[in-house]
Amino acid sequence: MTESLDPITVEVVRYKLDGIANEMQSTLLRSSFSPIVKEGLDASASLFTADGTTLSQSCSIPIHLATLIPAVAKVLETYPLDGMREGDIYILNDPYTGGTHLPDIAVIMPVFHRGKAIALSGAMTHHQDVGGMSAGSVPTNATEIYQEGLRIPPLKLREAGVFNDTLIKMIRQNVRIPDTVMGDLNAQVAACTVAARRLAELADGYGHNQLASIFDELLQRSETMTRKALLAIPEGTYRFVDYLDNDGVELDKPIRIEVAVTVTGGDIEFDFEGTSPQVKGPLNCVPSGSLAAACYAVRALTDPTIPTNGGCFRPIKLRLPKGTIVNPQEPAAVNARTSTIKRITGCMIGALAQILPDRVPAASAGELLVIAFGGSHPGGGRYVVGELIAGGSGASAGLDGVDVIETDATNCMNLPAEAMEMEAPIRVHRVALRTNSGGAGTFRGGLGVVREYEILDGEVSLSHRGERHFFSAPGLDGGSEGAKAHSVIRRAGGGEEVIPSKAATTLHKGDRLVIETAGGGGYGDPRGRSAEQVREDVRNGKVGEDAARSVYGKA
Amino acid sequence: MVVMAEAAGHFEIGVDIGGTFTDVVCRDGSGAMRLVKIPTTRRNPSAGVKAAMDYMQREWRVSPDEIVRFVHGTTVATNAVIEAKGAKIGLLTTVGFKDVLEIGRQMRHKVYDLVLKPEAPAFLAPGALRKEVRERVTATGDVLVGLDESSVVHAVDELVAEGVEAIAVSYLFSFLNPAHERRTREIIAERHPQIMVSLSSDVDPAFREYERTCVTAFDAYIKPVVGRYLENMEQDLAGDGVKTPLQIMQSRGGISSSAIARQRPVRLFLSGPAAGVIGGLEVGRAAGIEDLITVDIGGTSCDIALISRGQPLIRAEGDISGYSVRVPMVDVNAIGAGGGSIAWIDGAGSLRVGPHSAGSEPGPACYGRGGEQATVTDASIILGYINPDYFAAGSLKLSPDLARWTIETTIARPLGLSLEHAALGIHRVLNAQMAEAIRLVSIGRGIDPRGYTLLPLGGGGPLHATALARELGIRRIAVPPHPGVLSATGLLFAPIEHESSAAFPRLLAGLEWPEVEGSLADRDQACAKLMQSEGVPAAKTQIFYFADVCYVGQSYHLEIPLQTDAADPLEMLYRDFLAAHDRIYGHSTEGAARIVNLRSIHRSRVGRPAATAPVRPGGDSAHKGQRDILTAESGRFIAAKVYDRSTMAFGLEIRGPAIVEQPDTTTLIEPGWRATVVADGTLIITAD
């Protein structure tokens, strides 16, 4: 530690930095307009040192962890710090120059104290629309990024306090809901401004030189603690392979995710050699996605009391072979990378299950089924209602998996049946646990869900983006795999159509859609499950009597 | 203190039973208050009321037949959930939806945990105790499939055979058309009159089937337990000769007779904390302060609540033992920081404080009960803030030696700091944490803490108040006369209150006022009936109307007061909604909005005593010595005058550094602050 640093002051400053990030996030959520930000919590805020290292971060969903790091690096590369002026604000969204996918716009602001740039603040928000071929800018059938919306390279949104009207006009002209987009952008600016004010107050109190030493100290401490925690994991290379069903464009081509995790000397490396080449559809994931997944994995696997900052991320190394789905080359489409990040996270964690069997559960469904219905109300007016639906989580040594629960990088709510019926002429007939879907084991995997919809009127467009339809969540230590997801359309006139994981189709009055999400993997030999637990599962409808006999060997 | 003659025949009693202590206050006809803390019997909390009665008869000569009000704040509802000691219940749902209770909303609270635990309270009614009934109401409230009574009979008989004590009923869209749920209740009553029933259309008539089912199941789950507890207490009090009916504090901050409260026990989850907020509101009212942040610092946690324009902020749903339950309650936010918070050194050699706490057993090291980890209270002794011989009025002797030894060995030496600076460090780190938490709670509700007055509560609040206020830019602090027992005093000031709400899903545009009036009239009828059964005459009832309003497409609403006497109440409602949205969320646009629920609240303020506490003699008798203290600002030990709160006279002015001691707490006034005692005994501290 630097001689002059008081350890108490260092800790007090840490709480304030966390407090500032939380205040930014609160400002961001409060002042954003679009429901996706307010209720999906799809936004994040961070503070950075002047060289672009994360000081503190606030985010509500892990997919946002560390996502501003490449953006800040790109801004600093394009606009060196010594050329920045007070009142400057930078903006970008292009995945190939620091972004994630186009709806995520990053806003970054240098923080000045007595004329010197002492830090940066940044806010990332998922915007409701950024133009492109379909409303919402997440076209499931995109095959190149130009179809996905407006690409903004690192640019100045504001220069020395004066907004860049040319850029703002360009943005407004290219998006479907300019007022909402500008409203959310203003919220990002407000969040960065709050941070700048409070950081400058901190510098007033401690002097910016001492503050810089405190920043270094905090990063150093988190790095030390993270390395210590990593040293506790047995050294070695651990592998895991899992698959995504397909890219939504080429339906017969599964996508392989392979990772080798090497833990050695306090470092952790994630090598994706063997992963599928980039795909035509929009499931490609630029490197920031793997970084978010790696940060999540390290945070979840090490000591939870370690203060999260860039120090925690220093031991992480990523090897992302060029031209693969985890490091696609322009102009690959990337908007649907959420599914990919979820699977990447599952693989990273899963690789360590063999050496951390007490802490890592069997694989979860790790799917977030996205369905959207679009049609017209009988009395006129259009509607679009969508749902995000989870499957079961994996069982662990000691606990059954949880039924129908969000896991890994995302955390979304489902839609109440009453909300859907009030919103659209659609009837929900069933919301039920899916019997026998949890992977069998001494500890059983979590169950998926069954939801059944009936179209009550007219012609309705259906978009369905699933996962785990062709590849189930594997079990662990003798536990069985969870059930695969399954979705079927039952036409009013008779006939059934099984959805091959992804579909865009049309439904008519009387047609029904039945979706069944996947179950989590089981843990341990099913025959090791107690008769009492199996009986309870049968009584509660989680396991059928047949399966109790054939799989668990209990009458 | 002498009981004044006119006091006879007019005692008002408040009993707040907490986890560690049962706080008892008694106000006589002259307005004089007495209070005592009695240890809570964990196994049988209701014994606390018995002990309180004994104490009051013995020590204060309160005769039971002279008690005119008896108000109780209870944790029985919360404890039943935390300890999983509720009843065995069954759940009836519409066919196809019995698993909604277990599926929940699929979101998880602990995002970084790999091994997950269920988020939805399926334990209330596991699959085998959930039965489906053939019936269906549509989104417009029309009956699509009539109630199949034979399926009700069949399901109910099965549940009763399983041994359930209560049944929750939650059908789809019952908030629009409750007929099927009501008929179901009749069927249950006919066949099994002993079974308690909770209908979702009564408990929480609002849309979103999971939230409605969940709160209804909780209601059924705790109803038998809360019912027995309160009935026993009613009988005990009557047996003791108390003639006035027992009253209970509800989560929103209003009281209700016990007999009514046990019909809807889910409204009692925040009974104790709500009383604390009402107590804070009353202190503010007496001092003419409308905007307050109450910070209640106990041994293990710090509860933060806001009072804005004289009204406590209410939230639409709360967290009960980790489960989100949709029932309105005072917006109290807890963080794990308090006097018992443990100081420790992390893997990188940083000083950390909390969230773990030494609690009351073994408690801080200085308690001498075997605690070996340094806590905030240990640090307070070393810094000179607490008098080890006068903690809890001397009922617990603290050991400065143990405090010193523990901080020296576990914190100071490893960090290479002096004992005193290690102790100061513990306070600085805790204060930084609490200040950030208070700031976040405030700004998250659109409130700038700088314009608010800090109201410190609990045994630890007044000790940290000036440090927190400085961090937050707050310039005024109000320390109530008895910060350690404010929940109990709050019980005596709370209004009798009954609430009735109903779903009213209508777009604001094109809505006709008579339709709203019609629905409100129904709500009023329900409330009036309840008030009447409390013996409150209609003339003494104030009526407040509210609408839950949101923009079309939003899934969360704001509760907006409805000004029925305005020229155009609906236009006014829309304007007020926009203003509230702007205040809380930082923006508003003139977009389409809709009403979700309508609500009527009937409130009857209890008479406030004509006289306040007697004015005490003046002079400097309150000054009882001095002690050296170390604060973050002073940097070295400085002499602080020590005052005795009980003899501080009205108008007395003191300047920091100073310490004010009283049985239930210690107030630290740092340099740069001055304090004065105002008429009702509140100590107002302001920044120089």
# chains A, B, ... in the order shown; residues from 1 in each chain; ligands from 1
>>> residues_around(residues="Gly311 in chain A", least_positions_apart="2", cutoff="6 Å", atoms="only C-alpha atoms", output="ChimeraX atom specification")
/A:219-220,222-223,309,313-314
>>> write_last_selection(atoms="N, CA and C atoms", output="tab-separated table (two decimals), in the first residue's frame")
chain	number	residue	atom	x	y	z
A	219	LEU	N	-8.19	-1.28	-6.99
A	219	LEU	CA	-8.06	-2.25	-8.08
A	219	LEU	C	-7.12	-3.37	-7.67
A	220	GLN	N	-6.01	-2.94	-7.05
A	220	GLN	CA	-5.00	-3.90	-6.62
A	220	GLN	C	-5.60	-4.90	-5.63
A	222	SER	N	-8.79	-5.82	-5.17
A	222	SER	CA	-9.74	-6.77	-5.75
A	222	SER	C	-9.00	-7.82	-6.58
A	223	GLU	N	-7.94	-7.38	-7.26
A	223	GLU	CA	-7.15	-8.33	-8.04
A	223	GLU	C	-6.53	-9.38	-7.11
A	309	ASN	N	-14.60	-4.70	-9.29
A	309	ASN	CA	-14.04	-3.63	-10.12
A	309	ASN	C	-13.09	-4.28	-11.11
A	313	PHE	N	-11.14	-8.44	-12.93
A	313	PHE	CA	-11.14	-8.93	-14.30
A	313	PHE	C	-9.71	-9.11	-14.83
A	314	ARG	N	-8.71	-8.61	-14.10
A	314	ARG	CA	-7.33	-8.71	-14.60
A	314	ARG	C	-6.85	-10.15	-14.78
>>> interface_residues(of="chain A", to="chain B", cutoff="6 Å", atoms="only C-alpha atoms", output="list in words")
Ile8, Val12, Gly19, Arg30, Ser31, Arg221, Met225, Ala300, Val402, Val404, Ile405, Glu406, Asn411, Cys412, Met413, Asn414, Pro416, Glu418, Glu421, Met422, Arg430, Val431, Ala432, Arg539 and Asn540 of chain A
>>> closest_residue(among="B:Gly339, B:Gly318, B:Gly254, B:Ser634", to="Arg605 in chain B", atoms="only C-alpha atoms")
B:Gly254
>>> residues_around(residues="Pro205 in chain B", least_positions_apart="6", cutoff="10 Å", atoms="only C-alpha atoms", output="list in words")
Phe173, Ser174, Phe175, Leu176, Asn177, Pro178, Leu199, Arg212, Thr216, Ser500, Ser501, Ala502, Ala503, Phe504 and Asn597 of chain B
>>> write_last_selection(atoms="N, CA and C atoms", output="compact mmCIF listing (two decimals), in the first residue's frame")
# COMPACT_ATOMS: atom_id res chain seq x y z
N PHE B 173 -59.42 -13.68 -13.36
CA PHE B 173 -60.30 -12.52 -13.54
C PHE B 173 -61.40 -12.39 -12.48
N SER B 174 -61.16 -12.95 -11.31
CA SER B 174 -62.14 -12.82 -10.24
C SER B 174 -62.22 -11.38 -9.75
N PHE B 175 -61.19 -10.58 -10.05
CA PHE B 175 -61.24 -9.18 -9.64
C PHE B 175 -62.24 -8.40 -10.48
N LEU B 176 -62.64 -8.98 -11.64
CA LEU B 176 -63.67 -8.34 -12.45
C LEU B 176 -65.05 -8.93 -12.15
N ASN B 177 -65.07 -10.18 -11.77
CA ASN B 177 -66.33 -10.86 -11.49
C ASN B 177 -66.11 -11.89 -10.39
N PRO B 178 -66.43 -11.51 -9.16
CA PRO B 178 -66.11 -12.40 -8.02
C PRO B 178 -67.16 -13.47 -7.75
N LEU B 199 -60.58 -15.37 -0.09
CA LEU B 199 -60.87 -15.22 -1.52
C LEU B 199 -59.97 -14.16 -2.12
N ARG B 212 -51.83 -12.05 -7.11
CA ARG B 212 -53.08 -12.15 -6.37
C ARG B 212 -53.19 -13.49 -5.64
N THR B 216 -53.14 -14.10 -1.49
CA THR B 216 -54.30 -14.79 -0.95
C THR B 216 -53.87 -16.06 -0.19
N SER B 500 -60.54 -0.07 1.36
CA SER B 500 -61.17 -1.02 0.45
C SER B 500 -60.77 -0.64 -0.96
N SER B 501 -60.29 -1.60 -1.74
CA SER B 501 -59.94 -1.26 -3.11
C SER B 501 -60.51 -2.29 -4.05
N ALA B 502 -60.64 -1.88 -5.31
CA ALA B 502 -61.18 -2.78 -6.32
C ALA B 502 -60.52 -2.49 -7.64
N ALA B 503 -60.38 -3.52 -8.45
CA ALA B 503 -59.85 -3.31 -9.79
C ALA B 503 -60.82 -2.44 -10.57
N PHE B 504 -60.28 -1.53 -11.36
CA PHE B 504 -61.11 -0.65 -12.16
C PHE B 504 -60.33 -0.37 -13.44
N ASN B 597 -56.69 0.42 -10.28
CA ASN B 597 -57.53 0.14 -9.12
C ASN B 597 -58.08 1.45 -8.55
>>> residues_around(residues="Gln533 in chain A", least_positions_apart="5", cutoff="10 Å", atoms="only C-alpha atoms", output="MDAnalysis selection string")
chainID A and resid 442:444 538:539
>>> write_last_selection(atoms="C-alpha atoms", output="PDB file, in the first residue's frame")
ATOM      1  CA  THR A 442     -30.538 -38.100  -6.519  1.00  0.00           C
ATOM      2  CA  PHE A 443     -31.345 -34.438  -6.776  1.00  0.00           C
ATOM      3  CA  ARG A 444     -33.834 -33.702  -9.514  1.00  0.00           C
ATOM      4  CA  VAL A 538     -45.467 -37.996  -7.627  1.00  0.00           C
ATOM      5  CA  ARG A 539     -47.996 -36.532  -5.208  1.00  0.00           C
TER       6      ARG A 539
END
>>> select_by_dssp(residues="range 444-488 of chain A", states="strand (DSSP E or B)", output="count of residues only")
18
>>> atom_distance(atom1="CA of Ser58 in chain A", atom2="CA of Ser121 in chain A")
11.7 Å
>>> residues_around(residues="Ile118 in chain A", least_positions_apart="5", cutoff="8 Å", atoms="only C-alpha atoms", output="list in words")
Thr49, Ala50, Pro110, Val111, Phe112, His113, His208 and Ala212 of chain A
>>> residues_around(residues="Ile17 in chain B", least_positions_apart="6", cutoff="8 Å", atoms="only C-alpha atoms", output="PyMOL selection string")
chain B and resi 23+40+45+48+72-75+272
>>> write_last_selection(atoms="C-alpha atoms", output="PDB file, in the first residue's frame")
ATOM      1  CA  ASP B  23     -41.825  -1.960  24.477  1.00  0.00           C
ATOM      2  CA  THR B  40     -39.598 -10.723  24.871  1.00  0.00           C
ATOM      3  CA  PRO B  45     -44.621 -13.563  22.481  1.00  0.00           C
ATOM      4  CA  GLY B  48     -45.230 -10.128  26.682  1.00  0.00           C
ATOM      5  CA  HIS B  72     -50.678  -3.641  19.868  1.00  0.00           C
ATOM      6  CA  GLY B  73     -47.924  -3.859  17.260  1.00  0.00           C
ATOM      7  CA  THR B  74     -47.046  -7.431  16.442  1.00  0.00           C
ATOM      8  CA  THR B  75     -44.594  -9.570  14.511  1.00  0.00           C
ATOM      9  CA  GLY B 272     -44.216  -2.975  14.169  1.00  0.00           C
TER      10      GLY B 272
END
>>> residues_around(residues="Ala351 in chain A", least_positions_apart="4", cutoff="9 Å", atoms="only C-alpha atoms", output="ChimeraX atom specification")
/A:237-241,259-261,346-347,355
>>> select_by_dssp(residues="range 444-540 of chain A", states="helix (DSSP H, G or I)", output="list in words")
Pro526, Arg527, Gly528, Ala531, Glu532, Gln533, Val534, Arg535, Glu536, Asp537, Val538 and Arg539 of chain A
>>> closest_residue(among="B:Pro362, B:Ile411, B:Gly394, B:Trp513", to="Ala374 in chain B", atoms="only C-alpha atoms")
B:Ile411
